[in-house]
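The structure file work-v3.txt is reproduced below (compact mmCIF, C-alpha atoms).
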```txt
# COMPACT_ATOMS: atom_id res chain seq x y z
CA MET A 1 -74.31 14.35 24.72
CA PRO A 2 -70.90 13.05 23.67
CA PHE A 3 -67.65 14.83 24.45
CA ARG A 4 -64.19 14.72 22.94
CA LEU A 5 -61.58 12.30 24.27
CA GLU A 6 -57.96 12.53 23.23
CA ILE A 7 -55.18 10.22 24.38
CA VAL A 8 -51.71 11.50 23.56
CA THR A 9 -48.34 9.88 24.26
CA PRO A 10 -44.86 11.27 23.60
CA GLU A 11 -44.70 9.23 20.41
CA LYS A 12 -48.17 9.56 18.95
CA ARG A 13 -51.79 10.54 19.29
CA ALA A 14 -53.23 7.22 20.40
CA TYR A 15 -56.92 8.09 20.31
CA ALA A 16 -59.19 10.97 19.35
CA ASP A 17 -62.94 10.56 19.14
CA ASP A 18 -66.26 11.71 20.53
CA VAL A 19 -67.29 9.43 23.40
CA ASP A 20 -70.14 9.14 25.90
CA PHE A 21 -68.32 8.12 29.04
CA VAL A 22 -64.80 7.42 30.21
CA THR A 23 -63.33 5.90 33.36
CA LEU A 24 -59.73 6.65 34.26
CA PRO A 25 -57.28 5.08 36.68
CA GLY A 26 -56.94 8.18 38.89
CA SER A 27 -54.25 8.31 41.53
CA GLU A 28 -56.99 8.55 44.16
CA GLY A 29 -59.03 5.70 42.74
CA GLU A 30 -61.23 5.15 39.70
CA LEU A 31 -62.40 8.36 38.11
CA GLY A 32 -65.50 8.43 35.91
CA VAL A 33 -66.09 11.37 33.60
CA LEU A 34 -69.41 12.34 32.05
CA PRO A 35 -70.00 15.46 29.95
CA HIS A 36 -69.86 18.82 31.76
CA HIS A 37 -67.41 17.69 34.38
CA ALA A 38 -65.78 20.48 36.37
CA PRO A 39 -62.30 21.48 35.13
CA LEU A 40 -59.82 19.06 36.63
CA ILE A 41 -56.16 18.15 36.30
CA SER A 42 -55.21 14.86 37.92
CA ILE A 43 -52.37 12.40 38.11
CA LEU A 44 -53.22 8.98 36.69
CA GLY A 45 -51.92 5.73 38.07
CA ALA A 46 -50.99 2.77 35.93
CA GLY A 47 -54.20 1.00 35.04
CA GLU A 48 -57.12 0.63 32.74
CA LEU A 49 -58.87 3.40 30.87
CA ARG A 50 -62.34 2.47 29.62
CA VAL A 51 -64.17 4.36 26.92
CA ARG A 52 -67.85 4.00 26.05
CA LYS A 53 -69.05 5.22 22.73
CA GLY A 54 -72.47 4.38 21.29
CA GLY A 55 -72.84 1.35 23.58
CA VAL A 56 -69.48 -0.13 22.58
CA GLU A 57 -66.76 -0.27 25.18
CA GLU A 58 -63.03 -0.15 24.50
CA SER A 59 -60.17 -0.17 26.92
CA PHE A 60 -56.56 0.96 27.07
CA ALA A 61 -53.69 0.06 29.36
CA ILE A 62 -52.38 3.44 30.54
CA ILE A 63 -49.04 3.95 32.21
CA GLY A 64 -47.65 7.10 33.79
CA GLY A 65 -49.87 9.99 32.97
CA PHE A 66 -52.12 12.92 33.62
CA VAL A 67 -55.59 13.91 32.62
CA GLN A 68 -56.96 17.33 31.92
CA VAL A 69 -60.74 17.50 32.05
CA LEU A 70 -62.46 20.42 30.37
CA PRO A 71 -66.24 20.83 30.04
CA ASP A 72 -66.37 19.46 26.50
CA LYS A 73 -63.05 17.67 26.25
CA VAL A 74 -60.88 15.19 28.12
CA VAL A 75 -57.19 14.95 27.31
CA VAL A 76 -55.13 12.07 28.65
CA MET A 77 -51.35 12.43 28.55
CA ALA A 78 -49.72 9.08 29.19
CA GLU A 79 -46.27 7.68 28.72
CA THR A 80 -47.76 4.65 26.99
CA ALA A 81 -51.33 3.83 25.98
CA ASP A 82 -52.06 0.44 24.44
CA LEU A 83 -55.45 -0.54 23.08
CA ALA A 84 -56.49 -3.74 24.90
CA ALA A 85 -57.18 -5.56 21.63
CA GLU A 86 -53.67 -4.80 20.40
CA ILE A 87 -51.76 -5.95 23.47
CA ASP A 88 -49.52 -8.91 22.76
CA LEU A 89 -50.24 -11.07 25.79
CA GLU A 90 -47.31 -13.40 25.12
CA ARG A 91 -44.86 -10.53 24.98
CA ALA A 92 -46.30 -8.88 28.08
CA ARG A 93 -45.93 -12.15 30.00
CA GLU A 94 -42.34 -12.48 28.83
CA ALA A 95 -41.63 -8.91 29.89
CA ARG A 96 -43.12 -9.67 33.32
CA LEU A 97 -40.90 -12.72 33.71
CA ALA A 98 -37.79 -10.83 32.60
CA ALA A 99 -38.49 -7.97 35.03
CA GLU A 100 -39.19 -10.39 37.89
CA ARG A 101 -35.93 -12.17 37.21
CA VAL A 102 -33.98 -8.91 37.41
CA LEU A 103 -35.68 -8.02 40.69
CA GLU A 104 -35.05 -11.48 42.18
CA ALA A 105 -31.40 -11.43 41.20
CA GLY A 106 -30.95 -8.54 43.64
CA ILE A 107 -27.69 -6.55 43.63
CA VAL A 108 -28.41 -4.29 40.68
CA GLU A 109 -27.71 -0.66 39.98
CA PRO A 110 -30.42 1.63 41.37
CA VAL A 111 -31.21 2.80 37.84
CA ASP A 112 -31.73 -0.78 36.62
CA LEU A 113 -33.85 -1.50 39.66
CA ALA A 114 -36.13 1.45 38.98
CA GLN A 115 -36.41 0.43 35.36
CA ALA A 116 -37.16 -3.19 36.19
CA ARG A 117 -39.89 -2.08 38.61
CA ALA A 118 -41.39 0.19 35.96
CA GLU A 119 -41.29 -2.58 33.38
CA LEU A 120 -42.86 -5.05 35.79
CA GLN A 121 -45.65 -2.63 36.54
CA ALA A 122 -46.23 -1.93 32.86
CA ALA A 123 -46.35 -5.64 32.05
CA VAL A 124 -48.75 -6.39 34.91
CA VAL A 125 -51.14 -3.63 33.82
CA ARG A 126 -51.07 -4.75 30.19
CA ILE A 127 -51.71 -8.36 31.14
CA ARG A 128 -54.61 -7.39 33.39
CA VAL A 129 -56.24 -5.22 30.75
CA ALA A 130 -55.73 -7.74 27.97
CA GLU A 131 -57.03 -10.65 30.03
CA ARG A 132 -60.13 -8.81 31.10
CA ARG A 133 -60.90 -8.06 27.48
CA HIS A 134 -60.26 -11.69 26.66
CA ARG A 135 -62.81 -12.81 29.21
CA GLU A 136 -65.49 -10.26 28.51
CA GLY A 137 -64.87 -9.52 24.88
CA PRO A 138 -65.68 -6.23 23.15
CA HIS A 139 -69.37 -6.64 23.85
CA ARG A 140 -72.14 -4.08 23.74
CA ARG A 141 -73.66 -2.73 26.87
CA ALA A 142 -77.12 -1.40 27.38
CA MET B 1 -1.84 12.03 -20.61
CA ALA B 2 -3.63 9.10 -19.00
CA SER B 3 -3.99 5.98 -21.07
CA GLN B 4 -7.27 4.92 -22.56
CA ARG B 5 -7.56 2.02 -20.12
CA ASP B 6 -6.88 4.24 -17.08
CA ILE B 7 -9.66 6.59 -18.03
CA ARG B 8 -12.08 3.74 -18.65
CA ARG B 9 -11.31 2.39 -15.19
CA ARG B 10 -11.92 5.77 -13.59
CA ILE B 11 -15.25 6.08 -15.38
CA GLY B 12 -16.22 2.69 -13.95
CA ALA B 13 -15.23 3.77 -10.43
CA VAL B 14 -17.16 7.04 -10.62
CA LYS B 15 -20.20 5.17 -11.92
CA ASN B 16 -20.07 2.89 -8.89
CA ILE B 17 -19.85 5.88 -6.54
CA LYS B 18 -22.78 7.46 -8.29
CA GLN B 19 -24.89 4.36 -7.75
CA ILE B 20 -24.06 4.35 -4.05
CA THR B 21 -24.74 8.06 -3.48
CA ARG B 22 -27.99 7.80 -5.39
CA ALA B 23 -29.10 4.85 -3.26
CA MET B 24 -28.16 6.77 -0.11
CA GLN B 25 -30.14 9.74 -1.35
CA PHE B 26 -33.30 7.65 -1.73
CA VAL B 27 -32.83 5.90 1.61
CA ALA B 28 -32.40 9.28 3.33
CA ALA B 29 -35.51 10.60 1.57
CA SER B 30 -37.68 7.78 2.87
CA LYS B 31 -36.21 8.01 6.36
CA LEU B 32 -36.80 11.76 6.29
CA ARG B 33 -40.50 11.22 5.74
CA ARG B 34 -40.62 8.90 8.73
CA ALA B 35 -38.62 11.30 10.88
CA GLN B 36 -40.93 14.18 9.95
CA ASP B 37 -43.98 12.08 10.82
CA ALA B 38 -42.44 11.19 14.17
CA THR B 39 -41.71 14.86 14.91
CA LEU B 40 -45.28 15.84 14.10
CA ALA B 41 -46.75 12.93 16.06
CA ALA B 42 -44.82 13.96 19.16
CA ARG B 43 -46.10 17.50 19.09
CA PRO B 44 -49.62 17.16 20.65
CA TYR B 45 -48.22 15.57 23.82
CA ALA B 46 -45.59 18.28 24.21
CA GLU B 47 -48.10 21.06 23.62
CA LYS B 48 -50.49 19.58 26.15
CA LEU B 49 -47.78 19.30 28.81
CA ASP B 50 -46.86 22.96 28.18
CA GLU B 51 -50.48 23.90 28.68
CA VAL B 52 -50.86 21.98 31.94
CA LEU B 53 -47.56 23.39 33.18
CA ALA B 54 -48.77 26.92 32.46
CA ASP B 55 -52.00 26.18 34.36
CA LEU B 56 -49.97 24.91 37.29
CA ALA B 57 -47.62 27.89 37.23
CA ALA B 58 -50.62 30.22 37.40
CA VAL B 59 -51.66 28.53 40.64
CA LEU B 60 -48.30 27.89 42.24
CA GLY B 61 -45.93 30.71 41.44
CA ASP B 62 -42.27 30.13 40.73
CA GLU B 63 -40.78 28.95 43.95
CA HIS B 64 -42.56 25.68 44.40
CA HIS B 65 -40.25 23.34 42.62
CA PRO B 66 -36.48 23.11 42.48
CA LEU B 67 -36.59 22.47 38.70
CA LEU B 68 -38.22 25.87 38.28
CA ALA B 69 -35.93 27.85 40.55
CA ARG B 70 -32.58 29.07 39.29
CA PRO B 71 -29.70 28.49 41.65
CA ASP B 72 -27.34 31.44 41.65
CA GLY B 73 -24.38 31.09 39.33
CA GLY B 74 -23.15 27.55 38.92
CA THR B 75 -21.77 25.75 35.93
CA ARG B 76 -23.57 25.92 32.62
CA LEU B 77 -24.21 22.59 30.91
CA LEU B 78 -24.61 22.27 27.17
CA VAL B 79 -26.32 19.14 25.89
CA VAL B 80 -24.93 18.94 22.36
CA ILE B 81 -26.94 16.71 20.05
CA THR B 82 -25.29 15.49 16.86
CA THR B 83 -25.48 12.35 14.76
CA ASP B 84 -23.45 9.16 14.99
CA ARG B 85 -22.74 8.90 11.32
CA GLY B 86 -21.21 11.35 8.90
CA LEU B 87 -21.99 11.99 5.23
CA ALA B 88 -24.70 14.37 6.31
CA GLY B 89 -23.41 17.53 4.68
CA PRO B 90 -22.54 20.46 6.94
CA LEU B 91 -25.05 19.46 9.64
CA ASN B 92 -22.72 18.34 12.41
CA THR B 93 -20.08 20.94 11.61
CA ASN B 94 -22.69 23.68 11.95
CA THR B 95 -24.04 22.34 15.24
CA ILE B 96 -20.57 21.95 16.71
CA ARG B 97 -19.42 25.37 15.55
CA PHE B 98 -22.55 26.86 17.11
CA ALA B 99 -21.89 25.02 20.38
CA LEU B 100 -18.30 26.28 20.46
CA LYS B 101 -19.46 29.83 19.84
CA GLU B 102 -21.92 29.52 22.75
CA ALA B 103 -19.10 28.15 24.86
CA ALA B 104 -16.70 30.94 23.89
CA GLU B 105 -19.25 33.67 24.69
CA HIS B 106 -20.11 32.19 28.05
CA GLU B 107 -18.11 33.50 30.96
CA GLY B 108 -17.67 31.09 33.81
CA ARG B 109 -17.52 27.35 34.01
CA LEU B 110 -19.02 25.14 31.36
CA SER B 111 -19.44 21.42 30.79
CA ALA B 112 -21.02 19.36 28.07
CA VAL B 113 -23.08 16.23 27.64
CA THR B 114 -22.81 14.87 24.13
CA VAL B 115 -25.35 12.86 22.18
CA GLY B 116 -23.98 11.32 18.99
CA ARG B 117 -20.45 10.29 18.17
CA LYS B 118 -19.62 13.26 15.94
CA GLY B 119 -20.16 15.80 18.68
CA ARG B 120 -18.13 13.86 21.19
CA ASP B 121 -15.20 13.48 18.82
CA ALA B 122 -15.20 17.19 18.06
CA LEU B 123 -15.64 18.43 21.64
CA ARG B 124 -12.91 16.14 22.93
CA ARG B 125 -10.39 18.18 21.00
CA THR B 126 -11.54 21.50 22.48
CA GLY B 127 -10.93 20.90 26.17
CA ILE B 128 -14.56 21.42 27.22
CA PRO B 129 -15.14 18.74 29.88
CA ILE B 130 -17.58 16.08 28.66
CA VAL B 131 -19.39 14.75 31.71
CA ALA B 132 -21.44 12.13 29.89
CA HIS B 133 -21.91 10.76 26.43
CA PHE B 134 -24.87 9.00 24.86
CA ASN B 135 -24.69 7.31 21.52
CA GLY B 136 -27.24 8.53 19.03
CA PHE B 137 -30.60 6.88 19.11
CA GLY B 138 -30.66 5.61 15.57
CA ASP B 139 -33.15 6.45 12.87
CA LYS B 140 -36.19 5.80 15.05
CA PRO B 141 -35.58 7.26 18.52
CA SER B 142 -38.10 6.12 21.13
CA PHE B 143 -39.22 8.03 24.20
CA ALA B 144 -37.89 5.31 26.49
CA ASP B 145 -34.40 5.81 24.98
CA VAL B 146 -34.14 9.41 26.19
CA THR B 147 -35.22 8.72 29.79
CA PRO B 148 -31.69 8.00 31.10
CA LEU B 149 -30.37 11.25 29.59
CA SER B 150 -33.19 13.40 30.93
CA ARG B 151 -32.98 11.77 34.36
CA LEU B 152 -29.24 12.44 34.47
CA VAL B 153 -29.55 16.15 33.69
CA SER B 154 -32.54 16.66 36.03
CA ASP B 155 -30.77 14.90 38.90
CA ASP B 156 -27.61 16.93 38.39
CA PHE B 157 -29.62 20.13 38.23
CA LEU B 158 -31.46 19.22 41.44
CA ALA B 159 -28.16 18.40 43.10
CA GLY B 160 -27.00 21.94 42.26
CA THR B 161 -24.18 20.79 39.98
CA TYR B 162 -25.43 23.10 37.24
CA GLY B 163 -27.11 26.47 37.30
CA GLN B 164 -28.35 26.36 33.75
CA ILE B 165 -28.79 23.60 31.18
CA ASP B 166 -29.26 24.25 27.47
CA LEU B 167 -29.93 21.95 24.54
CA VAL B 168 -27.83 22.62 21.44
CA TYR B 169 -29.21 20.89 18.38
CA SER B 170 -30.21 21.40 14.80
CA THR B 171 -33.80 22.47 14.22
CA PHE B 172 -35.52 21.20 11.13
CA ILE B 173 -36.93 24.19 9.29
CA SER B 174 -37.23 22.70 5.81
CA THR B 175 -35.50 20.15 3.63
CA LEU B 176 -32.99 22.78 2.61
CA VAL B 177 -32.68 24.71 5.87
CA GLN B 178 -31.62 23.33 9.23
CA ARG B 179 -30.46 25.77 11.86
CA PRO B 180 -28.54 25.07 15.07
CA ILE B 181 -30.04 26.65 18.18
CA ALA B 182 -29.45 26.73 21.93
CA GLN B 183 -32.70 26.10 23.74
CA PRO B 184 -32.91 26.62 27.50
CA LEU B 185 -33.94 23.35 29.17
CA LEU B 186 -33.50 24.02 32.87
CA PRO B 187 -34.56 25.86 34.89
CA ILE B 188 -38.00 25.55 33.35
CA ARG B 189 -39.78 28.76 32.47
CA PRO B 190 -43.48 28.06 32.11
CA GLY B 191 -45.28 29.90 29.34
CA PRO B 192 -48.13 32.32 29.99
CA ASP B 193 -51.42 30.76 31.05
CA SER B 194 -53.24 29.56 27.95
CA PRO B 195 -56.49 31.08 26.78
CA GLY B 196 -59.59 29.15 27.77
CA ILE B 197 -59.99 28.14 31.36
CA PRO B 198 -57.59 29.98 33.69
CA GLY B 199 -55.33 27.78 35.77
CA ASN B 200 -56.89 28.75 39.07
CA GLN B 201 -60.28 27.31 38.10
CA PHE B 202 -58.97 23.76 37.85
CA ILE B 203 -59.29 21.22 40.61
CA PHE B 204 -55.91 19.52 41.04
CA GLU B 205 -55.84 15.90 42.20
CA PRO B 206 -54.30 15.12 44.63
CA ASN B 207 -52.88 18.69 44.86
CA PRO B 208 -51.00 21.14 42.61
CA ALA B 209 -47.56 20.49 44.12
CA THR B 210 -47.79 16.72 43.57
CA VAL B 211 -49.02 17.14 40.01
CA LEU B 212 -46.10 19.49 39.33
CA HIS B 213 -43.67 17.04 40.86
CA GLN B 214 -44.88 14.29 38.52
CA LEU B 215 -45.08 16.54 35.51
CA LEU B 216 -41.67 18.20 35.45
CA PRO B 217 -39.47 15.14 34.81
CA ARG B 218 -41.74 14.23 31.89
CA TYR B 219 -41.60 17.77 30.61
CA VAL B 220 -37.80 17.62 30.59
CA ALA B 221 -37.82 14.22 28.87
CA THR B 222 -40.27 15.50 26.27
CA ARG B 223 -38.10 18.52 25.47
CA VAL B 224 -35.04 16.28 25.04
CA PHE B 225 -37.02 13.81 22.94
CA GLN B 226 -38.24 16.56 20.62
CA ALA B 227 -34.71 17.90 20.18
CA ILE B 228 -33.53 14.43 19.23
CA LEU B 229 -36.39 13.94 16.78
CA GLU B 230 -35.62 17.27 15.13
CA THR B 231 -31.96 16.33 14.85
CA THR B 232 -32.91 13.07 13.17
CA ALA B 233 -35.12 14.89 10.67
CA SER B 234 -32.31 17.39 10.05
CA GLU B 235 -29.82 14.57 9.58
CA MET B 236 -31.94 12.84 6.99
CA SER B 237 -32.72 15.96 4.99
CA SER B 238 -29.13 17.17 5.12
CA LYS B 239 -27.94 13.74 4.03
CA MET B 240 -30.46 13.66 1.22
CA VAL B 241 -29.28 17.03 -0.12
CA ALA B 242 -25.60 16.11 0.28
CA MET B 243 -26.06 12.81 -1.56
CA LYS B 244 -28.07 14.48 -4.31
CA SER B 245 -25.25 16.91 -5.03
CA ALA B 246 -22.70 14.07 -4.79
CA THR B 247 -24.70 12.18 -7.43
CA GLU B 248 -24.78 15.25 -9.66
CA ASN B 249 -21.04 15.79 -9.23
CA ALA B 250 -20.44 12.19 -10.21
CA GLU B 251 -22.55 12.66 -13.33
CA GLU B 252 -20.53 15.74 -14.28
CA LEU B 253 -17.29 13.88 -13.68
CA ILE B 254 -18.45 10.99 -15.84
CA GLU B 255 -19.22 13.44 -18.65
CA ASP B 256 -15.77 15.05 -18.39
CA LEU B 257 -14.05 11.70 -18.25
CA THR B 258 -16.01 10.38 -21.22
CA LEU B 259 -14.94 13.44 -23.19
CA SER B 260 -11.25 12.92 -22.42
CA TYR B 261 -11.66 9.19 -23.08
CA ASN B 262 -12.98 9.96 -26.57
CA LYS B 263 -10.19 12.47 -27.18
CA VAL B 264 -7.51 9.97 -26.20
CA ARG B 265 -9.18 7.29 -28.27
CA GLN B 266 -9.36 9.60 -31.31
CA ASN B 267 -5.69 10.58 -30.86
CA ASN B 268 -4.69 6.95 -30.77
CA ILE B 269 -6.64 6.17 -33.92
CA THR B 270 -5.16 9.18 -35.71
CA ARG B 271 -1.67 8.17 -34.64
CA GLU B 272 -2.14 4.62 -35.85
CA MET B 273 -3.47 5.81 -39.19
CA ILE B 274 -0.45 8.08 -39.65
CA GLU B 275 1.82 5.17 -38.80
CA ILE B 276 0.07 2.89 -41.30
CA ALA B 277 0.12 5.57 -43.98
CA SER B 278 3.79 6.42 -43.48
CA GLY B 279 4.66 2.69 -43.28
CA ALA B 280 2.91 2.06 -46.58
CA ARG B 281 4.69 5.03 -48.23
CA ALA B 282 8.10 3.80 -46.97
CA GLY B 283 7.48 0.32 -48.39
CA ARG B 284 6.70 1.59 -51.89
```

Could I get this file's structure written as C-alpha cells?
Amino acid sequence: MPFRLEIVTPEKRAYADDVDFVTLPGSEGELGVLPHHAPLISILGAGELRVRKGGVEESFAIIGGFVQVLPDKVVVMAETADLAAEIDLERAREARLAAERVLEAGIVEPVDLAQARAELQAAVVRIRVAERRHREGPHRRA
Amino acid sequence: MASQRDIRRRIGAVKNIKQITRAMQFVAASKLRRAQDATLAARPYAEKLDEVLADLAAVLGDEHHPLLARPDGGTRLLVVITTDRGLAGPLNTNTIRFALKEAAEHEGRLSAVTVGRKGRDALRRTGIPIVAHFNGFGDKPSFADVTPLSRLVSDDFLAGTYGQIDLVYSTFISTLVQRPIAQPLLPIRPGPDSPGIPGNQFIFEPNPATVLHQLLPRYVATRVFQAILETTASEMSSKMVAMKSATENAEELIEDLTLSYNKVRQNNITREMIEIASGARAGR
C-alpha cells in the first residue's frame, strides 16, 4: 500500500507523490520508512533520500532538515532538496573546490568559516548523490 | 502664454514619461506574479515547521529553550523591512510611519535593524539607534540570503541584548491593499497543538530537546524569509498601481496640453489672417 511523501523546502514544494518506500538520512543512521510507521519526528543529517515508487527509484540530496512520519504520510522539511538527476556535477565540484580553498586559507571570520563548512558539506553530499546515480542509473528494481 | 513650440516640446516630454511609466507598470506586474508565486511556494514549509513546533511544545513545555523564554524587560528590537528602491507609491512611507508609531508607543529602550535602503534613510533621521542594516534582497530573495539576518537577531536574543524582537513589514493582502504590521518574532510562542496526532504520541529522534534546538533557528529564518517575500510582493503591486496612475496622469496631461496647443495655434492663425487682411486693406 503506497503512502504520501512530501518534500518541502523554504523556497518550494520539491516533491509530492504516493510512494512505496523511502529511506532517509536520519541523524542516527539510515532510516527506512514503510507504510504504517509509528508517528516519528526526527532530525535528518545531510545525505541521500531514496524514494521507491512502482519499482522505480529516485534520489534526492537533502541538506539540513527534519522528517515527520505519520501513519499515511511522510513530510520531509529540508533546507535544500535536489533531485539527483538535476544536480549539476560540474557546479557542485566547483563549489567544493571554492569551499576547500576558503577553509585552507585559514584566518577567516567565524561566520565565513561556518558558511564555508556548510557549503563544503552541501557540495560533497550533492556530488555523492549525483555520482551514485551516474553509476547505477535510474534503473528498475524487483 | 507659452509659445506653440514650447507646448509641443512639453507634449513630447510627457509622452516620453508616459512610455517609461507604462513600461515600469508592466515590469512590476510580471514581477508581482513571480513574487506571489514565491510567497505561496514558501508557505507549506512554514506551516509544517509551525506544526512540528506545536508538537514539540506539547511535549516540552515553555522553559526548555532560551528562544522560547522571555527575559524580563530588556530592549525591544524592531526589524523594519522596506525596499531599496522608491517609486513604489506609499508603501515605504506607510511602513516607516507604522514603525515610528510602534516606537513612540513603546516605553523603554528600543533599537532597530533595517532591511532596505528606504527604511534606513528614514530611521536615521529619527534618532532610533540602528544596530545593523541589510540591503534589500532584490526581486528574487533566496532563503540563503536571510540566514545572516536571522542568525544575528537570534544570537543577540540569546545573549540577552533584547527582550523582544518584532518584524515590521508590509503584508500583501491584495494588489490594491498592503498593510504594515508588527509581528512578534522572538520569543517564539508556539501555536496550539494541531489536530491529528497529539504531540506526545510522537517518537522524537534523537530526543525532543535536540530536535527543538535544531528547529528554532530555522523557524526564525523562515519567519524572516516570509516577511521579506511579502514585502517584495507588496512592493511590486504598489509599484504597479503607482505606475498605472502615473501613466493615466500623463495621458490626461497630454490631452490638456494638446488642447492648449490647438488654441495657441488657432490664435496664431487668426492673428496672421487679421494682419494679412488689414495689410491688404491698407495697400488699396

So that I can see what lies close to Lys263 of chain B, please list as a count of residues only the residues with an atom at most 12 Å from it, counting all atoms listed in the file and leaving out residues fewer than 5 positions away in the same chain.
11

Which one of A:Phe66, A:Phe3, A:Phe60, A:Tyr15 sits closest to Glu79 of chain A if you count only C-alpha atoms?
A:Phe66

Quick one: of B:Ala280, B:Met236, B:Thr126, B:Leu68, who's nearest to Pro187 of chain B, counting only C-alpha atoms?
B:Leu68

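Put simply, atom CA of Glu105 of chain B is 11.9 Å away from atom CA of Arg76 of chain B.
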
From the set B:Lys101, B:Arg179, B:Arg124, B:Arg43, which residue has the shortest atom-to-atom contact distance to chain A, counting all atoms listed in the file?
B:Arg43
